[in-house]
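Structure file final_19.txt (compact mmCIF, C-alpha atoms and all ligand atoms) follows.
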# COMPACT_ATOMS: atom_id res chain seq x y z
CA MET A 1 -27.40 -24.56 4.26
CA MET A 2 -31.09 -23.89 4.54
CA LEU A 3 -33.22 -26.51 6.24
CA GLN A 4 -35.37 -28.05 3.50
CA LYS A 5 -38.85 -29.09 4.54
CA ASP A 6 -41.24 -30.85 2.21
CA PRO A 7 -43.96 -28.34 1.24
CA ALA A 8 -46.30 -31.23 0.39
CA ALA A 9 -46.62 -31.99 4.11
CA LEU A 10 -48.25 -28.58 4.71
CA ARG A 11 -49.71 -27.70 1.31
CA GLY A 12 -53.51 -27.60 1.22
CA GLU A 13 -55.91 -26.07 -1.27
CA LYS A 14 -54.58 -23.73 -3.96
CA LEU A 15 -56.03 -20.34 -3.05
CA TYR A 16 -54.57 -18.29 -5.88
CA GLU A 17 -52.34 -18.76 -8.87
CA GLY A 18 -50.77 -15.79 -10.58
CA LYS A 19 -48.13 -15.40 -13.23
CA ALA A 20 -45.11 -15.90 -11.02
CA LYS A 21 -46.47 -17.29 -7.75
CA ALA A 22 -49.11 -19.52 -6.24
CA LEU A 23 -50.62 -19.45 -2.76
CA PHE A 24 -51.79 -22.50 -0.81
CA SER A 25 -53.62 -22.91 2.46
CA THR A 26 -51.98 -24.76 5.35
CA PRO A 27 -53.53 -26.52 8.37
CA ASP A 28 -53.18 -23.17 10.21
CA PRO A 29 -55.66 -20.68 8.68
CA SER A 30 -53.42 -17.73 9.61
CA ILE A 31 -50.52 -19.11 7.53
CA MET A 32 -50.21 -19.68 3.78
CA LEU A 33 -47.58 -21.24 1.56
CA MET A 34 -46.22 -19.08 -1.25
CA GLU A 35 -44.67 -20.91 -4.20
CA PHE A 36 -42.29 -19.11 -6.56
CA LYS A 37 -42.64 -20.32 -10.16
CA ASP A 38 -40.35 -20.19 -13.18
CA ASP A 39 -43.05 -18.68 -15.45
CA ALA A 40 -42.46 -15.14 -16.58
CA THR A 41 -44.73 -12.65 -18.33
CA ALA A 42 -44.30 -9.09 -19.54
CA PHE A 43 -46.36 -6.39 -21.27
CA ASP A 44 -49.58 -7.32 -19.42
CA GLY A 45 -49.16 -11.00 -20.20
CA LYS A 46 -48.65 -10.52 -23.96
CA LYS A 47 -45.13 -11.94 -23.70
CA LYS A 48 -44.87 -15.29 -21.94
CA GLY A 49 -41.89 -17.46 -21.19
CA THR A 50 -39.90 -19.33 -18.62
CA ILE A 51 -36.79 -18.19 -16.82
CA VAL A 52 -34.90 -21.31 -15.82
CA GLU A 53 -34.66 -21.62 -12.01
CA LYS A 54 -36.35 -18.22 -11.50
CA GLY A 55 -38.51 -19.66 -8.72
CA TYR A 56 -35.38 -20.74 -6.88
CA PHE A 57 -33.61 -17.39 -7.29
CA ASN A 58 -36.67 -15.32 -6.42
CA ALA A 59 -37.63 -17.35 -3.35
CA HIS A 60 -34.11 -16.88 -1.95
CA ILE A 61 -33.82 -13.20 -2.96
CA SER A 62 -37.23 -12.27 -1.55
CA ALA A 63 -36.52 -14.17 1.69
CA ILE A 64 -33.26 -12.29 2.23
CA LEU A 65 -34.83 -8.89 1.54
CA ASN A 66 -37.97 -9.53 3.62
CA ARG A 67 -35.81 -10.74 6.51
CA TYR A 68 -33.67 -7.60 6.21
CA LEU A 69 -36.75 -5.37 6.29
CA GLU A 70 -38.21 -7.23 9.30
CA GLN A 71 -34.89 -6.83 11.13
CA ASN A 72 -35.19 -3.11 10.48
CA GLY A 73 -38.68 -2.73 11.89
CA ILE A 74 -40.86 -3.20 8.79
CA HIS A 75 -43.85 -5.50 9.28
CA THR A 76 -44.11 -7.94 6.39
CA HIS A 77 -46.08 -11.09 5.63
CA PHE A 78 -42.89 -13.19 5.63
CA LEU A 79 -42.60 -15.90 8.30
CA GLY A 80 -39.78 -18.03 6.90
CA GLN A 81 -38.40 -19.92 3.93
CA LEU A 82 -39.59 -23.51 3.98
CA SER A 83 -37.64 -24.82 1.01
CA ASP A 84 -35.96 -23.60 -2.16
CA ARG A 85 -39.20 -22.38 -3.75
CA TYR A 86 -41.63 -22.01 -0.83
CA HIS A 87 -42.18 -19.34 1.82
CA LEU A 88 -44.44 -19.45 4.84
CA VAL A 89 -46.40 -16.20 4.86
CA ARG A 90 -49.11 -14.61 6.98
CA HIS A 91 -52.64 -14.69 5.68
CA MET A 92 -53.56 -11.13 4.76
CA ASP A 93 -56.31 -9.25 2.98
CA MET A 94 -54.53 -7.49 0.12
CA PHE A 95 -55.59 -3.99 -0.97
CA GLY A 96 -55.71 -4.70 -4.71
CA LEU A 97 -53.27 -1.88 -5.22
CA GLU A 98 -49.69 -1.69 -6.48
CA VAL A 99 -47.40 0.92 -4.98
CA VAL A 100 -44.50 1.72 -7.32
CA VAL A 101 -41.47 3.47 -5.85
CA ARG A 102 -39.06 5.21 -8.23
CA ASN A 103 -35.61 6.65 -7.67
CA ILE A 104 -34.49 6.86 -11.31
CA ALA A 105 -36.63 7.33 -14.43
CA ALA A 106 -37.26 4.12 -16.36
CA GLY A 107 -40.11 2.09 -17.86
CA SER A 108 -43.56 3.62 -17.92
CA LEU A 109 -42.54 6.81 -16.08
CA ALA A 110 -39.82 7.58 -18.62
CA ARG A 111 -42.31 7.00 -21.46
CA ARG A 112 -45.16 8.92 -19.86
CA LEU A 113 -43.15 11.98 -18.85
CA GLY A 114 -40.72 11.95 -21.79
CA MET A 115 -37.69 11.51 -19.55
CA ASP A 116 -34.51 9.75 -20.61
CA GLU A 117 -34.09 6.38 -18.91
CA GLY A 118 -31.53 6.82 -16.16
CA THR A 119 -32.51 10.38 -15.19
CA LEU A 120 -32.08 10.71 -11.43
CA LEU A 121 -35.28 11.81 -9.69
CA GLU A 122 -34.49 14.48 -7.10
CA LYS A 123 -36.86 12.78 -4.64
CA PRO A 124 -38.41 9.32 -4.59
CA VAL A 125 -41.68 9.19 -6.52
CA LEU A 126 -44.61 7.02 -5.38
CA GLU A 127 -47.29 5.91 -7.81
CA HIS A 128 -50.40 3.79 -7.38
CA PHE A 129 -51.75 1.31 -9.88
CA LEU A 130 -54.99 -0.65 -9.71
CA LYS A 131 -54.39 -4.40 -9.79
CA ALA A 132 -56.62 -5.33 -12.73
CA ASP A 133 -55.05 -7.47 -15.45
CA GLU A 134 -58.00 -6.98 -17.81
CA LEU A 135 -57.45 -3.19 -17.68
CA GLY A 136 -53.64 -3.42 -17.85
CA ASP A 137 -53.19 -2.23 -14.23
CA PRO A 138 -54.17 1.44 -14.78
CA TRP A 139 -52.40 4.31 -13.03
CA ILE A 140 -54.64 5.81 -10.32
CA ASN A 141 -54.27 8.47 -7.62
CA ALA A 142 -55.28 8.78 -3.98
CA TYR A 143 -58.75 10.04 -4.94
CA HIS A 144 -59.41 6.91 -6.99
CA VAL A 145 -58.12 4.74 -4.14
CA ASP A 146 -60.51 6.45 -1.73
CA ALA A 147 -63.52 6.56 -4.09
CA MET A 148 -63.08 2.88 -5.00
CA GLY A 149 -62.72 1.94 -1.33
CA LEU A 150 -59.46 0.06 -1.94
CA CYS A 151 -58.31 1.10 1.53
CA THR A 152 -58.93 3.91 4.00
CA PRO A 153 -57.03 7.22 3.75
CA ASP A 154 -55.22 6.26 6.98
CA GLN A 155 -54.15 2.92 5.51
CA LEU A 156 -52.92 4.69 2.37
CA ALA A 157 -50.90 7.11 4.49
CA ILE A 158 -49.36 4.17 6.40
CA MET A 159 -48.54 2.41 3.11
CA GLU A 160 -46.88 5.50 1.69
CA SER A 161 -44.83 6.08 4.80
CA LEU A 162 -43.81 2.40 4.86
CA ALA A 163 -42.91 2.56 1.15
CA LEU A 164 -40.58 5.53 1.74
CA LYS A 165 -38.98 3.84 4.77
CA ILE A 166 -38.55 0.60 2.80
CA ASN A 167 -36.99 2.66 0.00
CA ARG A 168 -34.36 4.15 2.29
CA LEU A 169 -33.54 0.75 3.79
CA LEU A 170 -33.34 -1.12 0.49
CA THR A 171 -31.52 1.62 -1.43
CA ASP A 172 -28.77 1.88 1.19
CA HIS A 173 -28.43 -1.88 1.64
CA LEU A 174 -28.32 -2.68 -2.07
CA GLU A 175 -25.81 0.08 -2.76
CA THR A 176 -23.35 -1.74 -0.46
CA ILE A 177 -23.42 -4.69 -2.86
CA GLY A 178 -23.16 -2.56 -5.98
CA LEU A 179 -26.84 -2.58 -6.94
CA THR A 180 -28.72 0.60 -7.78
CA LEU A 181 -32.41 0.32 -6.95
CA VAL A 182 -34.04 2.11 -9.88
CA ASP A 183 -37.72 1.36 -9.23
CA TYR A 184 -39.92 -1.41 -7.88
CA LYS A 185 -43.45 -2.45 -7.05
CA LEU A 186 -44.79 -3.16 -3.57
CA GLU A 187 -48.11 -4.63 -2.47
CA PHE A 188 -49.61 -4.22 0.97
CA GLY A 189 -52.44 -5.77 2.92
CA VAL A 190 -53.86 -6.05 6.42
CA ASP A 191 -53.29 -8.94 8.80
CA PRO A 192 -56.14 -10.30 10.97
CA ASP A 193 -55.21 -7.78 13.71
CA GLY A 194 -55.70 -4.89 11.28
CA ASN A 195 -51.99 -4.07 10.89
CA VAL A 196 -50.81 -2.90 7.48
CA ARG A 197 -48.01 -5.20 6.30
CA LEU A 198 -45.88 -5.56 3.20
CA GLY A 199 -46.86 -8.61 1.13
CA ASP A 200 -46.00 -10.09 -2.26
CA GLU A 201 -42.32 -10.37 -3.31
CA ILE A 202 -39.17 -8.27 -3.69
CA THR A 203 -37.27 -9.78 -6.60
CA PRO A 204 -35.75 -8.95 -10.00
CA ASP A 205 -39.29 -9.62 -11.36
CA THR A 206 -40.63 -6.63 -9.44
CA CYS A 207 -37.56 -4.38 -9.09
CA ARG A 208 -35.17 -2.76 -11.53
CA PHE A 209 -31.64 -3.40 -10.30
CA TRP A 210 -28.72 -1.83 -12.19
CA ASP A 211 -25.09 -2.62 -11.54
CA SER A 212 -23.83 0.53 -9.80
CA THR A 213 -20.58 0.60 -11.78
CA SER A 214 -21.40 -0.67 -15.26
CA GLY A 215 -25.11 0.20 -15.34
CA ASP A 216 -25.88 -3.34 -16.54
CA LYS A 217 -29.49 -4.39 -16.01
CA LEU A 218 -29.80 -7.24 -13.50
CA ASP A 219 -33.56 -7.77 -13.60
CA LYS A 220 -36.59 -8.75 -15.68
CA ASP A 221 -35.90 -6.02 -18.25
CA ARG A 222 -33.44 -8.55 -19.74
CA PHE A 223 -36.44 -10.83 -20.39
CA ARG A 224 -38.77 -7.98 -21.45
CA GLN A 225 -36.21 -6.66 -23.95
CA ASP A 226 -34.81 -10.05 -25.10
CA MET A 227 -31.35 -9.04 -23.94
CA GLY A 228 -30.19 -12.56 -23.03
CA GLY A 229 -28.34 -13.41 -19.83
CA VAL A 230 -31.59 -13.40 -17.83
CA GLU A 231 -30.78 -16.36 -15.56
CA ASP A 232 -27.25 -15.06 -14.98
CA ALA A 233 -28.65 -11.71 -13.86
CA TYR A 234 -30.99 -13.29 -11.29
CA ALA A 235 -28.16 -15.55 -10.08
CA GLU A 236 -25.86 -12.53 -9.75
CA VAL A 237 -28.37 -10.63 -7.58
CA LEU A 238 -28.68 -13.67 -5.31
CA ARG A 239 -24.89 -14.13 -5.17
CA ARG A 240 -24.37 -10.51 -4.08
CA LEU A 241 -27.12 -10.69 -1.44
CA THR A 242 -25.79 -13.97 -0.07
CA THR A 243 -22.12 -13.01 0.01
CA GLY A 244 -22.62 -9.33 0.83
CA GLN A 245 -20.04 -8.53 -1.88
CA SER A 246 -20.49 -6.61 -5.12
N1 LIG A 301 -43.76 -3.69 -11.81
C1 LIG A 301 -44.17 -4.93 -11.35
N2 LIG A 301 -45.40 -5.40 -11.71
C2 LIG A 301 -46.26 -4.70 -12.50
C3 LIG A 301 -45.84 -3.44 -12.98
C4 LIG A 301 -44.59 -2.96 -12.62
O1 LIG A 301 -43.45 -5.58 -10.62
O2 LIG A 301 -47.37 -5.19 -12.75
C5 LIG A 301 -42.44 -3.16 -11.42
C6 LIG A 301 -41.45 -3.17 -12.58
O3 LIG A 301 -40.66 -4.34 -12.54
C7 LIG A 301 -40.60 -1.95 -12.29
C8 LIG A 301 -41.56 -1.01 -11.55
O4 LIG A 301 -42.61 -1.81 -11.07
O5 LIG A 301 -39.54 -2.28 -11.43
C9 LIG A 301 -42.10 0.09 -12.43
O6 LIG A 301 -42.65 -0.47 -13.59
P1 LIG A 301 -43.20 0.47 -14.77
O7 LIG A 301 -44.42 1.19 -14.29
O8 LIG A 301 -42.09 1.30 -15.29
O9 LIG A 301 -43.73 -0.56 -15.82
P2 LIG A 301 -43.06 -1.20 -17.12
O10 LIG A 301 -43.17 -0.15 -18.19
O11 LIG A 301 -41.69 -1.59 -16.80
O12 LIG A 301 -43.97 -2.39 -17.35
How does this structure look as structure tokens?
Ligand code: UDP
Amino acid sequence: MMLQKDPAALRGEKLYEGKAKALFSTPDPSIMLMEFKDDATAFDGKKKGTIVEKGYFNAHISAILNRYLEQNGIHTHFLGQLSDRYHLVRHMDMFGLEVVVRNIAAGSLARRLGMDEGTLLEKPVLEHFLKADELGDPWINAYHVDAMGLCTPDQLAIMESLALKINRLLTDHLETIGLTLVDYKLEFGVDPDGNVRLGDEITPDTCRFWDSTSGDKLDKDRFRQDMGGVEDAYAEVLRRLTTGQS
């Protein structure tokens, strides 16, 4: 059983509230509280809804995966899980950039390049998107990143190398529990010492997970496409990660 601590004892000012998470200050300026919410959006916020207990599932799933990455030498923002819906995370300056990693064609890549969903990509593909809701998070390349000063070329190179390392670690680990990691979104930032770290979340909101045997979707596509069984899918991902069984 996880030790439950009352977030209210530490929770200060709300620093940010997004679609699925909120960030709060704590008495220690180097540490923030990250709350995982049940709200869900898709198609740039045009579809809104609630996934019952999503905050619970995602907080646990992201904690397990961040812990796994830390144990394998990846620096993340994750410091610990405080309670069912709250993480303690490092204060970081985020780059305002989304790094999408793809192993199998799906979603916007399948549409853009006219590929059938499910086509295996011979090598992982990295893509960058500008975090800008009002513009629908446009696809950008390394030249845009540099010209817009989102980060330095060195920081971009570190992010890309971390993304590929994270991809190997997650792909192998998830395959052992019967989950195929199709694609996902990562966000990075710098800590006060200038180190590039992984931030944000790793959950069925931000990853496409397919059952390795049946191909069933176990992620937010069930919400996006009104497939039903959304909560069961999130619960199933958590069950597999917790038990280590497919
Ligand atoms: N993704 C995300 N947040 C975004 C956009 C994408 O977490 O704002 C994730 C999405 O869940 C998927 C991957 O990034 O696992 C690739 O998404 P894609 O570009 O295919 O976008 P989609 O067409 O699915 O919105």
Name all residues at most 8 Å from Ile202 of chain A (count all atoms listed in the file; drop same-chain ones fewer than 2 positions away) and give them as an mmCIF file with C-alpha atoms, keeping the file's coordinate frame.
data_model
loop_
_atom_site.group_PDB
_atom_site.id
_atom_site.type_symbol
_atom_site.label_atom_id
_atom_site.label_comp_id
_atom_site.auth_asym_id
_atom_site.auth_seq_id
_atom_site.Cartn_x
_atom_site.Cartn_y
_atom_site.Cartn_z
ATOM 1 C CA ASN A 58 -36.670 -15.320 -6.420
ATOM 2 C CA ILE A 61 -33.820 -13.200 -2.960
ATOM 3 C CA SER A 62 -37.230 -12.270 -1.550
ATOM 4 C CA LEU A 65 -34.830 -8.890 1.540
ATOM 5 C CA ASN A 66 -37.970 -9.530 3.620
ATOM 6 C CA LYS A 185 -43.450 -2.450 -7.050
ATOM 7 C CA LEU A 186 -44.790 -3.160 -3.570
ATOM 8 C CA ASP A 200 -46.000 -10.090 -2.260
ATOM 9 C CA PRO A 204 -35.750 -8.950 -10.000
ATOM 10 C CA ASP A 205 -39.290 -9.620 -11.360
ATOM 11 C CA THR A 206 -40.630 -6.630 -9.440
ATOM 12 C CA CYS A 207 -37.560 -4.380 -9.090
#
- Task: Write as a list of chain:residue names the residues around ligand LIG 301 (chain A), taking 7 Å as the cut-off and counting only C-alpha atoms and all ligand atoms.
- Result: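 For ligand LIG 301 (chain A), the residues inside 7 Å are A:Phe43, A:Val100, A:Ala106, A:Gly107, A:Ser108, A:Leu109, A:Asp137, A:Asp183, A:Tyr184, A:Lys185, A:Asp205, A:Thr206, A:Cys207, A:Arg208, A:Lys220.
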- Task: Do a neighbour search on segment 157-164 of chain A at 8 Å with all atoms listed in the file, toss out local chain neighbours closer than 5 positions, and write the hits as a list in words.
- Result: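 Contacts, with the query itself left out: Ile74, Val99, Val101, Pro124, Leu126, Leu186, Phe188 and Val196 of chain A.
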- Task: Go ahead and compute the interatomic distance for atom CA of Glu98 of chain A and atom CA of Ala233 of chain A, in Å to one decimal.
- Result: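 For atom CA of Glu98 of chain A relative to atom CA of Ala233 of chain A, the distance reads 24.4 Å.
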- Note on the structure: One decimal place gives the atom CA of Thr171 of chain A-atom CA of Ile31 of chain A separation as 29.5 Å
- Please measure the separation of atom CA of Asn141 of chain A and atom CA of Phe129 of chain A, giving the value in Å to one decimal.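 These two atoms are separated by 7.9 Å.
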- Name all residues at most 9 Å from segment 6-16 of chain A (count all atoms listed in the file; drop same-chain ones fewer than 4 positions away) and give them as an MDAnalysis selection string. chainID A and resid 21:27 32:33 82:83 86
Six-sided padding of 3 Å per side, axis-aligned box over segment 130-147 of chain A, centre and edges in Å, one decimal, as lines of an AutoDock Vina configuration file:
center_x = -58.0
center_y = 1.3
center_z = -9.8
size_x = 17.1
size_y = 23.5
size_z = 22.1
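With only C-alpha atoms taken into account, the protein and nucleic acid residues at most 12 Å from Asp146 of chain A (excluding it and anything under 6 positions from it in its own chain) are Phe95, Leu97, His128, Ile140, Thr152, Pro153, Asp154, Gln155, Leu156 and Ala157 of chain A.
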- Looking at all atoms listed in the file, which of A:Thr50, A:Asn72, A:Asn167, A:Thr119 is the one that sits closest to Phe223 of chain A?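 Closest residue, counting all atoms listed in the file: A:Thr50.
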- Task: Kindly indicate which residue among A:Asp232, A:Asp191, A:Glu201, A:Asp226 lies nearest to His87 of chain A, using all atoms listed in the file for the distances.
- Result: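 The shortest atom-to-atom distance to His87 of chain A comes from A:Glu201.
Between Leu170 of chain A and the residues A:Tyr56, A:Tyr68, A:Tyr143, A:Phe36, the shortest atom-to-atom distance, using all atoms listed in the file, involves A:Tyr68.
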